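**Student:** Here you go, entry-v9.txt (compact mmCIF, C-alpha atoms):
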```txt
# COMPACT_ATOMS: atom_id res chain seq x y z
CA SER A 1 -22.08 6.41 -36.80
CA ASN A 2 -25.04 5.69 -34.50
CA ILE A 3 -26.98 4.09 -37.37
CA GLY A 4 -26.10 0.50 -38.23
CA ALA A 5 -25.89 -0.50 -41.93
CA LEU A 6 -27.38 1.72 -44.72
CA ASP A 7 -23.84 2.84 -45.64
CA GLN A 8 -24.61 3.79 -49.25
CA ILE A 9 -27.53 6.01 -48.26
CA LYS A 10 -25.47 7.62 -45.51
CA LYS A 11 -22.82 8.47 -48.11
CA VAL A 12 -25.40 10.13 -50.38
CA LEU A 13 -26.85 12.18 -47.52
CA SER A 14 -23.35 13.19 -46.45
CA LYS A 15 -22.28 14.21 -49.95
CA TYR A 16 -25.43 16.08 -51.00
CA ILE A 17 -26.71 17.49 -47.70
CA ILE A 18 -24.30 17.42 -44.76
CA GLU A 19 -21.10 18.53 -46.53
CA PRO A 20 -22.67 21.39 -48.57
CA ILE A 21 -24.25 22.80 -45.39
CA ARG A 22 -21.16 22.43 -43.21
CA PHE A 23 -18.76 23.67 -45.89
CA PRO A 24 -20.72 26.24 -47.96
CA ASP A 25 -17.51 27.71 -49.45
CA ARG A 26 -16.94 24.50 -51.41
CA LYS A 27 -20.12 24.69 -53.50
CA MET A 28 -19.80 25.11 -57.26
CA LEU A 29 -20.50 28.44 -58.92
CA ASN A 30 -23.93 28.77 -60.54
CA TYR A 31 -25.03 25.55 -58.90
CA SER A 32 -27.86 25.30 -56.43
CA SER A 33 -26.72 23.58 -53.23
CA GLY A 34 -30.26 22.45 -52.36
CA ILE A 35 -31.58 19.10 -53.48
CA GLY A 36 -34.77 17.05 -53.47
CA ILE A 37 -34.65 13.47 -52.16
CA LEU A 38 -37.26 10.72 -51.82
CA LEU A 39 -36.65 7.85 -49.40
CA TYR A 40 -38.88 4.82 -49.79
CA GLY A 41 -39.10 1.42 -48.19
CA PRO A 42 -40.94 -0.71 -45.61
CA PRO A 43 -41.92 0.82 -42.26
CA GLY A 44 -39.27 0.64 -39.54
CA CYS A 45 -36.23 0.49 -41.83
CA GLY A 46 -34.75 3.82 -40.71
CA LYS A 47 -35.98 6.53 -43.11
CA THR A 48 -36.86 9.05 -40.40
CA LEU A 49 -33.82 8.05 -38.35
CA LEU A 50 -31.52 8.83 -41.29
CA ILE A 51 -32.95 12.31 -41.76
CA ASN A 52 -32.79 13.13 -38.05
CA ALA A 53 -29.12 12.10 -38.09
CA ALA A 54 -28.43 14.22 -41.20
CA VAL A 55 -30.03 17.24 -39.51
CA LYS A 56 -27.92 16.79 -36.39
CA GLU A 57 -24.70 16.28 -38.38
CA SER A 58 -25.29 19.27 -40.66
CA GLY A 59 -26.58 21.72 -38.05
CA ALA A 60 -29.26 22.92 -40.49
CA ASN A 61 -32.64 24.31 -39.50
CA PHE A 62 -35.27 21.60 -39.61
CA ILE A 63 -38.93 21.65 -40.57
CA PHE A 64 -40.61 18.32 -39.93
CA ILE A 65 -44.08 17.64 -41.31
CA LYS A 66 -46.22 14.55 -40.95
CA GLY A 67 -48.02 14.58 -44.29
CA PRO A 68 -51.58 14.13 -42.94
CA GLU A 69 -51.13 17.16 -40.67
CA LEU A 70 -51.39 19.40 -43.73
CA LEU A 71 -54.73 18.03 -44.87
CA ASN A 72 -57.58 20.42 -44.08
CA LYS A 73 -61.22 20.07 -45.05
CA PHE A 74 -61.56 23.83 -45.68
CA LEU A 75 -60.88 25.05 -49.20
CA GLY A 76 -57.38 26.46 -49.67
CA GLU A 77 -56.13 25.79 -46.14
CA SER A 78 -53.86 22.87 -47.11
CA GLU A 79 -52.25 24.94 -49.87
CA LYS A 80 -51.80 27.82 -47.41
CA GLY A 81 -49.99 25.47 -45.05
CA ILE A 82 -47.57 24.44 -47.80
CA ARG A 83 -46.86 28.08 -48.71
CA LEU A 84 -46.09 28.89 -45.06
CA ILE A 85 -43.68 25.93 -44.79
CA PHE A 86 -41.64 27.01 -47.80
CA SER A 87 -41.78 30.68 -46.80
CA ARG A 88 -40.36 29.79 -43.38
CA ALA A 89 -37.69 27.59 -45.00
CA LYS A 90 -36.49 30.47 -47.18
CA MET A 91 -36.11 32.71 -44.13
CA LEU A 92 -34.21 30.05 -42.14
CA ASP A 93 -31.78 29.04 -44.92
CA PRO A 94 -30.05 26.54 -44.76
CA THR A 95 -33.10 24.40 -44.08
CA ILE A 96 -34.08 20.75 -44.38
CA ILE A 97 -37.80 20.26 -45.05
CA PHE A 98 -38.84 16.70 -44.28
CA PHE A 99 -42.25 15.33 -45.28
CA ASP A 100 -42.93 12.03 -43.53
CA GLU A 101 -45.74 9.95 -45.11
CA PHE A 102 -45.15 12.02 -48.23
CA ASP A 103 -47.68 10.04 -50.30
CA SER A 104 -50.53 11.55 -48.26
CA VAL A 105 -49.90 15.00 -49.80
CA ALA A 106 -48.21 14.05 -53.07
CA SER A 107 -50.35 11.25 -54.52
CA LYS A 108 -51.05 11.06 -58.24
CA ARG A 109 -53.43 13.62 -59.66
CA GLU A 110 -56.63 12.37 -61.27
CA ASN A 111 -57.82 13.27 -64.76
CA SER A 112 -61.28 14.03 -63.47
CA HIS A 113 -62.10 16.74 -60.91
CA GLU A 114 -65.59 15.46 -60.19
CA ILE A 115 -64.61 13.91 -56.89
CA THR A 116 -64.03 16.46 -54.12
CA ASN A 117 -61.12 14.59 -52.53
CA SER A 118 -59.42 14.20 -55.90
CA ALA A 119 -59.72 17.93 -56.67
CA SER A 120 -58.31 18.80 -53.24
CA ASN A 121 -55.37 16.44 -53.76
CA ASP A 122 -54.67 17.99 -57.18
CA ARG A 123 -54.51 21.48 -55.69
CA ILE A 124 -52.09 20.31 -52.97
CA VAL A 125 -49.78 18.67 -55.51
CA ASN A 126 -49.93 21.76 -57.75
CA GLN A 127 -49.00 23.95 -54.78
CA LEU A 128 -46.06 21.68 -53.92
CA LEU A 129 -44.81 21.90 -57.50
CA THR A 130 -45.11 25.68 -57.48
CA GLU A 131 -43.22 26.05 -54.19
CA ILE A 132 -40.40 23.68 -55.16
CA ASP A 133 -39.95 25.46 -58.51
CA SER A 134 -39.87 28.86 -56.77
CA ILE A 135 -36.77 28.08 -54.69
CA GLU A 136 -33.93 30.36 -55.83
CA LYS A 137 -30.55 28.94 -56.80
CA ASP A 138 -28.74 30.73 -54.01
CA LYS A 139 -30.96 29.15 -51.35
CA SER A 140 -29.78 26.06 -49.47
CA ILE A 141 -33.13 24.35 -49.06
CA TYR A 142 -33.23 20.56 -48.98
CA PHE A 143 -36.60 19.00 -49.70
CA ILE A 144 -36.96 15.39 -48.51
CA GLY A 145 -39.92 13.04 -48.58
CA ALA A 146 -40.31 9.58 -47.05
CA THR A 147 -42.95 7.05 -48.07
CA ASN A 148 -43.87 3.37 -47.92
CA ARG A 149 -45.74 3.72 -51.25
CA PRO A 150 -43.45 5.26 -53.89
CA ASN A 151 -45.74 4.19 -56.77
CA SER A 152 -48.47 6.51 -55.52
CA ILE A 153 -46.32 9.69 -55.80
CA ASP A 154 -47.25 12.04 -58.65
CA LYS A 155 -44.69 11.69 -61.48
CA ALA A 156 -44.33 15.46 -61.90
CA LEU A 157 -42.66 15.60 -58.48
CA LEU A 158 -40.18 12.85 -59.33
CA ARG A 159 -38.36 14.55 -62.18
CA PRO A 160 -34.81 15.96 -61.70
CA GLY A 161 -34.89 19.54 -60.47
CA ARG A 162 -37.67 18.70 -58.04
CA ILE A 163 -36.75 15.33 -56.56
CA ASP A 164 -33.25 14.58 -57.80
CA LYS A 165 -32.48 11.41 -55.85
CA ILE A 166 -34.80 8.47 -55.24
CA LEU A 167 -33.27 6.17 -52.63
CA ALA A 168 -34.54 2.78 -51.51
CA VAL A 169 -34.29 1.98 -47.79
CA PRO A 170 -34.90 -1.80 -47.90
CA TYR A 171 -34.95 -4.52 -45.30
CA PRO A 172 -31.35 -4.91 -44.07
CA ASN A 173 -29.40 -7.95 -45.23
CA LEU A 174 -27.86 -10.38 -42.74
CA GLU A 175 -24.64 -8.38 -42.39
CA GLY A 176 -26.68 -5.21 -41.95
CA LYS A 177 -28.78 -6.77 -39.17
CA ILE A 178 -25.67 -7.75 -37.24
CA LEU A 179 -24.30 -4.21 -37.65
CA ILE A 180 -27.62 -2.78 -36.43
CA LEU A 181 -27.56 -5.05 -33.37
CA LYS A 182 -23.97 -4.03 -32.61
CA THR A 183 -25.03 -0.38 -32.79
CA ILE A 184 -28.06 -0.99 -30.56
CA PHE A 185 -25.93 -2.86 -28.01
CA LYS A 186 -23.79 0.24 -27.51
CA LYS A 187 -26.71 1.61 -25.47
CA GLY A 188 -26.31 -0.70 -22.50
CA ASN A 189 -24.42 -3.51 -20.79
CA HIS A 190 -24.12 -6.95 -22.30
CA LEU A 191 -21.79 -9.89 -21.89
CA PRO A 192 -18.42 -8.95 -23.43
CA TYR A 193 -18.18 -12.32 -25.16
CA LEU A 194 -21.73 -12.19 -26.62
CA ASN A 195 -21.36 -13.63 -30.14
CA LEU A 196 -23.99 -12.22 -32.51
CA ASN A 197 -23.10 -14.83 -35.14
CA LEU A 198 -25.02 -17.34 -33.01
CA PHE A 199 -28.23 -15.64 -34.15
CA VAL A 200 -27.66 -15.98 -37.90
CA ASP A 201 -30.52 -18.44 -38.48
CA SER A 202 -33.04 -16.29 -36.62
CA LEU A 203 -31.84 -13.11 -38.37
CA LYS A 204 -32.66 -14.58 -41.79
CA ASN A 205 -36.20 -13.29 -41.20
CA ASN A 206 -37.16 -9.94 -42.74
CA PHE A 207 -36.44 -7.92 -39.63
CA THR A 208 -36.38 -4.13 -39.77
CA GLY A 209 -34.22 -1.93 -37.58
CA ALA A 210 -37.32 -1.22 -35.48
CA ASP A 211 -37.84 -4.98 -34.99
CA LEU A 212 -34.27 -5.42 -33.78
CA ASN A 213 -34.59 -2.49 -31.42
CA LEU A 214 -37.71 -4.10 -29.94
CA ALA A 215 -35.85 -7.42 -29.65
CA TYR A 216 -33.19 -5.60 -27.61
CA LYS A 217 -35.87 -4.14 -25.31
CA GLU A 218 -37.39 -7.61 -24.83
CA ALA A 219 -33.93 -8.99 -24.06
CA SER A 220 -33.39 -6.23 -21.47
CA ILE A 221 -36.69 -7.05 -19.78
CA ASP A 222 -35.85 -10.77 -19.83
CA SER A 223 -32.47 -10.09 -18.21
CA ILE A 224 -34.33 -8.47 -15.27
CA ARG A 225 -36.86 -11.33 -15.13
CA THR A 226 -34.16 -14.02 -14.95
CA SER A 227 -32.46 -12.12 -12.10
CA VAL A 228 -28.92 -13.20 -13.01
CA GLU A 229 -26.61 -10.63 -11.43
CA TYR A 230 -23.08 -9.83 -12.55
CA PHE A 231 -20.23 -8.06 -10.82
CA LEU A 232 -18.35 -5.66 -13.09
CA PHE A 233 -14.90 -4.53 -11.93
CA ASN A 234 -13.72 -1.09 -13.02
CA SER A 235 -10.38 0.40 -12.11
CA SER A 236 -9.27 4.04 -12.03
CA LYS A 237 -6.74 6.22 -10.24
CA LYS A 238 -9.07 6.34 -7.26
CA GLY A 239 -9.18 2.57 -6.90
CA ILE A 240 -11.21 -0.46 -7.97
CA PHE A 241 -14.98 -0.21 -8.13
CA ILE A 242 -17.47 -3.07 -8.25
CA ASP A 243 -20.77 -2.55 -10.04
CA ARG A 244 -23.49 -5.08 -9.28
CA THR A 245 -25.89 -5.21 -12.24
CA MET A 246 -27.96 -7.29 -14.64
CA ILE A 247 -26.72 -7.44 -18.23
CA ILE A 248 -27.95 -9.01 -21.45
CA GLY A 249 -26.65 -12.46 -22.29
CA THR A 250 -27.09 -14.92 -25.15
CA LYS A 251 -30.28 -16.48 -23.77
CA ASN A 252 -31.84 -13.06 -23.23
CA LEU A 253 -31.26 -12.01 -26.84
CA HIS A 254 -32.58 -15.37 -28.10
CA TYR A 255 -35.71 -14.66 -26.07
CA GLY A 256 -36.03 -11.13 -27.51
CA ILE A 257 -35.79 -12.34 -31.11
CA TYR A 258 -38.18 -15.22 -30.35
CA LYS A 259 -40.77 -12.71 -29.11
CA ILE A 260 -40.58 -10.79 -32.41
CA ILE A 261 -41.02 -13.99 -34.45
CA LEU A 262 -43.89 -15.12 -32.23
CA ASN A 263 -45.55 -11.73 -32.62
CA ARG A 264 -45.54 -12.17 -36.40
CA LYS A 265 -46.90 -15.69 -36.24
CA THR A 266 -49.84 -14.50 -34.19
CA LYS A 267 -50.62 -11.96 -36.96
CA GLY A 268 -49.71 -8.83 -35.09
CA GLN A 269 -51.13 -9.80 -31.71
CA TYR A 270 -48.57 -9.06 -29.02
CA VAL A 271 -47.81 -12.06 -26.82
```
Go ahead and render the structure in this file as C-alpha cells.
**Tutor:**
Amino acid sequence: SNIGALDQIKKVLSKYIIEPIRFPDRKMLNYSSGIGILLYGPPGCGKTLLINAAVKESGANFIFIKGPELLNKFLGESEKGIRLIFSRAKMLDPTIIFFDEFDSVASKRENSHEITNSASNDRIVNQLLTEIDSIEKDKSIYFIGATNRPNSIDKALLRPGRIDKILAVPYPNLEGKILILKTIFKKGNHLPYLNLNLFVDSLKNNFTGADLNLAYKEASIDSIRTSVEYFLFNSSKKGIFIDRTMIIGTKNLHYGIYKIILNRKTKGQYV
C-alpha cells in the first residue's frame, strides 16, 4: 500500500510469494512453493522497492546481493560465494534471495573460452544453474533477479523451473505518476486542497518513481526557501492545538518538477 501504481506486479508478488509464505498450509500437494522471478525495466522504476515491500509483507528471511559483489578475480571464489548464498537460504527457509543488477552475474555465456573474463562468467552462470536446480520441492526458496538489461541474461536461466515469471517494471503512465505522488505526499504536510491534476502536462515526461520522489524533496526545500508559514489547527479532548509550520503548496511542487526537467535538459548536470 506504500507503493504507488504497479498494481499488476504487486498482485503477482502477493499471489506467488507473500501468500504462500504467510499461509503455508494452503500450498498444493507435490508442488514447490518457491518460484523464480525476473524484474526488468529502467532504473528508478521501483524494482528494489517492490522486493523490499514483499519481504516485509511476507516476513520471510532475506538475502540481498548486489551482483557485482560476487565477482572475484581469484579462480573459483565467485562460484564459492554463490554456493554459500544458496546453502544459507536452504537453512533459513522460507527465504527470498534477491540479486540486484542480476545481469552482472548472469550474462550470456560465450561459445569460446579463450577470453579469461568470458570463461569466468560461464563458470558463474553454470554455478547459478546448478544451485537453482538443486533446490528441493519442499523448500520455500524464492529466487528473484532485477536488471536494466534483460536481453543480456543467459537464456538457460530464463526457462520455466528456474525463472518462472518475467515481469516488466516500466515507466509509470500518467495515472500511475499521480498515484505515486499521492503516496509520496503521505510522508509530510501539504496543502489539503493541492490538486495534482494541475501537473498533468509536466507529468507527461518519462518520469520514474525515483524522479518523482526527488521532485518532492525539491518541493520541500523550496517550501522552506519561500518561508510561507501556515497555522494548522488540531483539536482533541485536551483542547485545540496550533502548529506553526511550512507545508508544500502548488508552486513548490511546480518548482520541484521543473528542477527535474531542467536537470535532464542539462544532460545530467544538477542545477
**Student:** Any idea what's packed within 8 Å of Asn252 of chain A, counting all atoms listed in the file, ignoring anything in its chain fewer than 6 positions away? Could you give it as a list in words?
**Tutor:**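 The neighbour list is Glu218, Ala219, Ser220, Asp222 and Ser223 of chain A.
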**Student:** Those residues with C-alpha atoms, as an mmCIF file, keeping the file's coordinate frame please?
**Tutor:**
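Saved the output as result-v6.cif:
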```cif
data_model
loop_
_atom_site.group_PDB
_atom_site.id
_atom_site.type_symbol
_atom_site.label_atom_id
_atom_site.label_comp_id
_atom_site.auth_asym_id
_atom_site.auth_seq_id
_atom_site.Cartn_x
_atom_site.Cartn_y
_atom_site.Cartn_z
ATOM 1 C CA GLU A 218 -37.390 -7.610 -24.830
ATOM 2 C CA ALA A 219 -33.930 -8.990 -24.060
ATOM 3 C CA SER A 220 -33.390 -6.230 -21.470
ATOM 4 C CA ASP A 222 -35.850 -10.770 -19.830
ATOM 5 C CA SER A 223 -32.470 -10.090 -18.210
#
```
**Student:** May I ask which of the residues A:Asp211, A:Glu69, A:Glu19, A:Glu79 is the closest one to Thr130 of chain A, counting only C-alpha atoms?
**Tutor:** A:Glu79
**Student:** What does the structure give for the distance between atom CA of Lys66 of chain A and atom CA of Pro172 of chain A, in Å to one decimal?
**Tutor:**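 Here the two named atoms are 24.7 Å from each other.
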**Student:** In Å, how far is it from atom CA of Leu212 of chain A to atom CA of Leu181 of chain A?
**Tutor:**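 Atom CA of Leu212 of chain A sits 6.7 Å away from atom CA of Leu181 of chain A.
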**Student:** With a distance cut-off of 8 Å and all atoms listed in the file, select the neighbouring residues of segment 138-149 of chain A, excluding the residue or stretch itself and same-chain residues fewer than 5 positions from it, and output the selection as a VMD selection string.
**Tutor:** chain A and resid 17 21 32 to 43 47 to 48 89 to 90 93 to 103 163
**Student:** Would you be able to write out as a list in words which residues have an atom within 6 Å of (-51.8, 13.8, -55.7) in the file's coordinates, counting all atoms listed in the file?
**Tutor:**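 Output: Ala106, Ser107, Lys108, Arg109, Asn121, Asp122, Val125 and Asp154 of chain A.
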**Student:** Report as an MDAnalysis selection string all protein, DNA and RNA residues lying within 12 Å of Leu253 of chain A, evaluated on all atoms listed in the file, omitting residues in the same chain fewer than 4 positions from it.
**Tutor:** chainID A and resid 181 185 190:191 194:199 202:203 212:223 247:249 257:260
**Student:** Would you mind reading off the distance between atom CA of Gly161 of chain A and atom CA of Asn126 of chain A, one decimal, in Å?
**Tutor:**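 Value for the atom CA of Gly161 of chain A-atom CA of Asn126 of chain A distance: 15.4 Å.
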**Student:** Draw an axis-aligned box tight on the listed atoms of segment 216-229 of chain A, then pad every side by 5 Å and write out centre and edge lengths in Å to one decimal as lines of an AutoDock Vina configuration file.
**Tutor:**
```
center_x = -32.0
center_y = -9.1
center_z = -19.5
size_x = 20.8
size_y = 19.9
size_z = 26.2
```
**Student:** If we draw a sphere of 10 Å around (-50.6, 26.2, -54.1), which residues have at least one atom in it when counting only C-alpha atoms? Please report them as a PyMOL selection string.
**Tutor:** chain A and resi 76-83+122-131
**Student:** So that I can see what lies close to Thr208 of chain A, please list as a ChimeraX atom specification the residues with an atom at most 6 Å from it, counting all atoms listed in the file and leaving out residues fewer than 6 positions away in the same chain.
**Tutor:** /A:44-45,171
